Amino acid sequence: MHSAGGATRRDARRNHERLLVEAKTLFAEQGIEASLDELATRAGVGAGTVYRHFPSRDDLVRELYDRAIESLDDLADEILAAPSGWRGVEVYVERLSQWVISDPGIPALLRRMGQIDPDYRPAARFEKPIAELVERAHREGTLRTDVDGVDLTVIVGMVGSLAQFGGAYLPFWRRQLGIVLDGLRAEPGRATELPGPGQDMDGYHAMVHQPE
């Protein structure tokens with residue numbers, strides 16, 4: 001026979017997960033400052049339950065942020081296991097673009113985490129695999145020699161920004177992605193030199209986590 005304590009813990013876990021799911025949707029629709037009372041209503045729980053699980057809004061933001069980053073845990077292995085450097089570039093840009101497009105609240109989470117904890121960088125674990133991917137594609141001669149890992153990551157943000165057009169646009173974003181990928185290909189004699197120096201990863205991190 002199941003104990004009352006076990007049932008209570010299961011209910012608590014379900015409530016926790018329901019709150020995270022509803023918060024992700026609510027923040028994408030209304031922004032990080034959306035009403036937590038509305039969150040409680042959407043999740044079908046009382047306001048007190050929200051605060052038992054997340055004593056502050058920032059606690060909720062941090063868990064959503066961590067889960068968003070954790071959803072990419074297999075990305076490094078995936079891009080490094082690609083049959084070629086170029087294919088790895090395609091996988092990286094497409095997978096990250098889809099990550100942002102499927103969750104329009106991600107940019108706001110990044111900015112809020114920049115306020116909560118400016119030095120918190122769980123995504124730093126991806127920097128080395130991305131650098132190795134770029135080096136591999138350069139050796140192959142498939143990626144423009146003046147393109148680096150930060151360029152690829154900024155492009156993800158550009159493609160991901162198409163999420164602003166809402167669900168009606170979702171079937172079409174890969175068209176723009178295809179145009180962007182063609183522009184990254186190394187074609188001797190055809191590529192235009194990029195103007196000015198690129199941004200380093202520290203600068204990029206600070207920019208996307210910058211509070212509004």
# chains A, B, ... in the order shown; residues from 1 in each chain; ligands from 1
$ residues_around --residues "Asn15 in chain A" --least-positions-apart "6" --cutoff "9 Å" --atoms "only C-alpha atoms" --output "list in words"
Ala43, Gly44, Val45, Thr49, Val50 and His53 of chain A
$ write_last_selection --atoms "N, CA and C atoms" --output "PDB file, in the first residue's frame"
ATOM      1  N   ALA A  43      -1.871  26.816 -13.862  1.00  0.00           N
ATOM      2  CA  ALA A  43      -1.382  25.510 -13.406  1.00  0.00           C
ATOM      3  C   ALA A  43      -2.409  24.778 -12.553  1.00  0.00           C
ATOM      4  N   GLY A  44      -3.489  25.455 -12.192  1.00  0.00           N
ATOM      5  CA  GLY A  44      -4.522  24.824 -11.391  1.00  0.00           C
ATOM      6  C   GLY A  44      -4.124  24.614  -9.943  1.00  0.00           C
ATOM      7  N   VAL A  45      -3.300  25.538  -9.419  1.00  0.00           N
ATOM      8  CA  VAL A  45      -2.866  25.442  -8.022  1.00  0.00           C
ATOM      9  C   VAL A  45      -3.105  26.787  -7.346  1.00  0.00           C
ATOM     10  N   THR A  49       1.121  27.587  -3.400  1.00  0.00           N
ATOM     11  CA  THR A  49       1.884  26.487  -3.996  1.00  0.00           C
ATOM     12  C   THR A  49       2.999  27.016  -4.877  1.00  0.00           C
ATOM     13  N   VAL A  50       2.698  28.083  -5.615  1.00  0.00           N
ATOM     14  CA  VAL A  50       3.746  28.687  -6.459  1.00  0.00           C
ATOM     15  C   VAL A  50       4.931  29.086  -5.596  1.00  0.00           C
ATOM     16  N   HIS A  53       7.163  26.290  -4.131  1.00  0.00           N
ATOM     17  CA  HIS A  53       8.103  25.709  -5.089  1.00  0.00           C
ATOM     18  C   HIS A  53       9.153  26.722  -5.544  1.00  0.00           C
TER      19      HIS A  53
END
$ closest_atom_pairs --of "range 101-208 of chain A" --to "range 71-94 of chain A" --cutoff "7 Å" --atoms "only C-alpha atoms" --output "JSON lines"
{"residue": "A:Phe126", "atom": "CA", "partner": "A:Ala76", "partner_atom": "CA", "distance": 6.3}
{"residue": "A:Pro129", "atom": "CA", "partner": "A:Ala76", "partner_atom": "CA", "distance": 5.8}
{"residue": "A:Leu133", "atom": "CA", "partner": "A:Gly85", "partner_atom": "CA", "distance": 5.9}
{"residue": "A:Arg136", "atom": "CA", "partner": "A:Gly85", "partner_atom": "CA", "distance": 5.2}
{"residue": "A:Ala137", "atom": "CA", "partner": "A:Gly85", "partner_atom": "CA", "distance": 4.1}
{"residue": "A:Thr142", "atom": "CA", "partner": "A:Trp86", "partner_atom": "CA", "distance": 5.9}
{"residue": "A:Leu143", "atom": "CA", "partner": "A:Trp86", "partner_atom": "CA", "distance": 6.7}
{"residue": "A:Leu152", "atom": "CA", "partner": "A:Val93", "partner_atom": "CA", "distance": 6.7}
{"residue": "A:Val156", "atom": "CA", "partner": "A:Val93", "partner_atom": "CA", "distance": 5.8}
$ atom_distance --atom1 "CA of Pro107 in chain A" --atom2 "CA of Phe27 in chain A"
10.7 Å
$ closest_residue --among "A:Ser161, A:Ala40, A:Met201, A:Gly141" --to "Trp99 in chain A" --atoms "only C-alpha atoms"
A:Ser161
$ select_by_dssp --residues "range 4-202 of chain A" --states "helix (DSSP H, G or I)" --output "number ranges by chain"
A: 4-30, 36-43, 47-53, 57-70, 75-80, 85-101, 106-116, 122-140, 149-165, 167-184, 201-202
$ residues_around --residues "Ile101 in chain A" --least-positions-apart "6" --cutoff "9 Å" --atoms "only C-alpha atoms" --output "list of chain:residue names"
A:Val159, A:Gly160, A:Ser161, A:Leu162, A:Ala163, A:Gln164, A:Leu170, A:Trp173
$ residues_around --residues "Pro211 in chain A" --least-positions-apart "4" --cutoff "7 Å" --atoms "only C-alpha atoms" --output "list in words"
Arg111, Arg112, Gly114 and Gln115 of chain A
$ residues_around --residues "Arg174 in chain A" --least-positions-apart "3" --cutoff "10 Å" --atoms "only C-alpha atoms" --output "list in words"
Glu94, Ser97, Gln98, Val159, Leu170, Pro171, Leu177, Gly178, Ile179 and Val180 of chain A
$ write_last_selection --atoms "N, CA, C and O atoms" --output "short mmCIF file (atom, residue, chain, number, x, y, z; two decimals), in the first residue's frame"
data_model
loop_
_atom_site.label_atom_id
_atom_site.label_comp_id
_atom_site.auth_asym_id
_atom_site.auth_seq_id
_atom_site.Cartn_x
_atom_site.Cartn_y
_atom_site.Cartn_z
N GLU A 94 21.17 24.75 -37.15
CA GLU A 94 19.76 24.38 -37.22
C GLU A 94 19.22 24.01 -35.84
O GLU A 94 18.13 24.45 -35.46
N SER A 97 18.90 27.16 -33.66
CA SER A 97 17.83 28.03 -34.16
C SER A 97 16.47 27.46 -33.77
O SER A 97 15.57 28.20 -33.33
N GLN A 98 16.31 26.16 -33.92
CA GLN A 98 15.05 25.53 -33.54
C GLN A 98 14.80 25.67 -32.05
O GLN A 98 13.66 25.86 -31.61
N VAL A 159 18.32 33.95 -36.77
CA VAL A 159 17.29 33.06 -37.28
C VAL A 159 16.21 32.84 -36.22
O VAL A 159 15.01 32.84 -36.52
N LEU A 170 6.28 29.29 -38.32
CA LEU A 170 7.16 28.18 -37.99
C LEU A 170 7.44 27.21 -39.14
O LEU A 170 8.55 26.67 -39.21
N PRO A 171 6.50 26.97 -40.06
CA PRO A 171 6.83 26.04 -41.15
C PRO A 171 7.85 26.59 -42.14
O PRO A 171 8.33 25.84 -43.01
N LEU A 177 17.10 29.82 -43.03
CA LEU A 177 18.28 29.10 -42.56
C LEU A 177 19.10 28.61 -43.76
O LEU A 177 20.34 28.71 -43.76
N GLY A 178 18.45 28.09 -44.78
CA GLY A 178 19.17 27.62 -45.96
C GLY A 178 19.94 28.73 -46.64
O GLY A 178 21.09 28.53 -47.09
N ILE A 179 19.36 29.92 -46.71
CA ILE A 179 20.05 31.07 -47.31
C ILE A 179 21.28 31.42 -46.49
O ILE A 179 22.36 31.68 -47.03
N VAL A 180 21.13 31.43 -45.17
CA VAL A 180 22.25 31.75 -44.28
C VAL A 180 23.38 30.72 -44.43
O VAL A 180 24.56 31.08 -44.53
#
$ atom_distance --atom1 "CA of Ala206 in chain A" --atom2 "CA of Leu36 in chain A"
27.9 Å
$ atom_distance --atom1 "CA of Ala123 in chain A" --atom2 "CA of Gln210 in chain A"
15.7 Å
$ closest_residue --among "A:Gly149, A:Gly48, A:Gly167, A:Pro118" --to "His205 in chain A" --atoms "only C-alpha atoms"
A:Pro118
$ residues_around --residues "Ile106 in chain A" --least-positions-apart "5" --cutoff "8 Å" --atoms "only C-alpha atoms" --output "list in words"
Ala28, Tyr65, Ala68 and Val100 of chain A
$ decode --residues "range 27-125 of chain A" --atoms "C-alpha atoms" --output "compact mmCIF listing (two decimals), in the first residue's frame"
# COMPACT_ATOMS: atom_id res chain seq x y z
CA PHE A 27 6.63 34.18 -19.97
CA ALA A 28 6.84 33.66 -23.73
CA GLU A 29 3.43 35.31 -24.12
CA GLN A 30 3.64 38.12 -21.55
CA GLY A 31 7.28 38.49 -20.58
CA ILE A 32 9.24 37.70 -17.43
CA GLU A 33 7.15 40.07 -15.30
CA ALA A 34 3.91 38.19 -16.02
CA SER A 35 1.62 37.71 -13.03
CA LEU A 36 2.47 34.76 -10.82
CA ASP A 37 -1.17 34.70 -9.74
CA GLU A 38 -2.05 33.99 -13.36
CA LEU A 39 0.61 31.29 -13.37
CA ALA A 40 -1.11 29.67 -10.39
CA THR A 41 -4.46 29.83 -12.17
CA ARG A 42 -3.08 28.29 -15.35
CA ALA A 43 -1.38 25.51 -13.41
CA GLY A 44 -4.52 24.82 -11.39
CA VAL A 45 -2.87 25.44 -8.02
CA GLY A 46 -3.07 28.05 -5.30
CA ALA A 47 -0.75 31.05 -5.11
CA GLY A 48 0.83 29.55 -1.99
CA THR A 49 1.88 26.49 -4.00
CA VAL A 50 3.75 28.69 -6.46
CA TYR A 51 5.75 30.28 -3.66
CA ARG A 52 6.44 26.98 -1.93
CA HIS A 53 8.10 25.71 -5.09
CA PHE A 54 9.65 29.02 -6.16
CA PRO A 55 10.11 31.46 -3.25
CA SER A 56 10.87 34.26 -5.72
CA ARG A 57 10.39 34.98 -9.41
CA ASP A 58 14.16 34.73 -9.85
CA ASP A 59 14.13 31.17 -8.50
CA LEU A 60 11.62 30.28 -11.19
CA VAL A 61 13.64 32.05 -13.88
CA ARG A 62 16.83 30.25 -12.86
CA GLU A 63 15.22 26.82 -13.09
CA LEU A 64 13.68 27.60 -16.48
CA TYR A 65 17.06 28.87 -17.66
CA ASP A 66 18.90 25.79 -16.40
CA ARG A 67 16.40 23.47 -18.04
CA ALA A 68 16.66 25.33 -21.33
CA ILE A 69 20.45 24.88 -21.31
CA GLU A 70 20.20 21.25 -20.18
CA SER A 71 17.96 20.50 -23.17
CA LEU A 72 21.09 21.00 -25.29
CA ASP A 73 23.24 18.56 -23.34
CA ASP A 74 23.66 16.18 -26.27
CA LEU A 75 24.47 18.95 -28.76
CA ALA A 76 28.25 18.83 -28.32
CA ASP A 77 28.39 15.10 -28.97
CA GLU A 78 26.03 15.48 -31.93
CA ILE A 79 28.06 18.14 -33.73
CA LEU A 80 31.38 16.42 -33.10
CA ALA A 81 29.98 13.08 -34.31
CA ALA A 82 28.81 14.61 -37.60
CA PRO A 83 30.38 12.94 -40.67
CA SER A 84 32.02 16.21 -41.73
CA GLY A 85 32.82 19.61 -40.29
CA TRP A 86 30.31 21.22 -42.61
CA ARG A 87 27.56 18.85 -41.54
CA GLY A 88 28.41 19.71 -37.95
CA VAL A 89 27.99 23.41 -38.76
CA GLU A 90 24.57 22.67 -40.28
CA VAL A 91 23.51 20.64 -37.24
CA TYR A 92 24.70 23.31 -34.82
CA VAL A 93 23.00 26.25 -36.52
CA GLU A 94 19.76 24.38 -37.22
CA ARG A 95 19.48 22.78 -33.78
CA LEU A 96 20.14 26.03 -31.91
CA SER A 97 17.83 28.03 -34.16
CA GLN A 98 15.05 25.53 -33.54
CA TRP A 99 15.77 25.75 -29.80
CA VAL A 100 15.12 29.51 -29.81
CA ILE A 101 12.21 29.42 -32.24
CA SER A 102 10.41 26.72 -30.26
CA ASP A 103 10.70 28.75 -27.04
CA PRO A 104 10.35 32.50 -27.72
CA GLY A 105 10.85 33.20 -24.02
CA ILE A 106 14.53 32.19 -24.11
CA PRO A 107 15.96 35.67 -24.93
CA ALA A 108 14.12 37.14 -21.94
CA LEU A 109 15.44 34.35 -19.69
CA LEU A 110 18.99 35.13 -20.83
CA ARG A 111 18.59 38.80 -20.06
CA ARG A 112 17.08 38.19 -16.63
CA MET A 113 19.87 35.77 -15.71
CA GLY A 114 22.28 38.54 -16.64
CA GLN A 115 20.70 40.52 -13.80
CA ILE A 116 20.40 37.67 -11.32
CA ASP A 117 23.88 36.21 -11.74
CA PRO A 118 26.11 37.88 -14.36
CA ASP A 119 28.92 35.35 -13.91
CA TYR A 120 26.73 32.26 -14.29
CA ARG A 121 27.74 30.56 -17.56
CA PRO A 122 26.55 26.93 -17.78
CA ALA A 123 26.67 27.14 -21.59
CA ALA A 124 30.44 27.67 -21.44
CA ARG A 125 30.79 23.88 -21.72
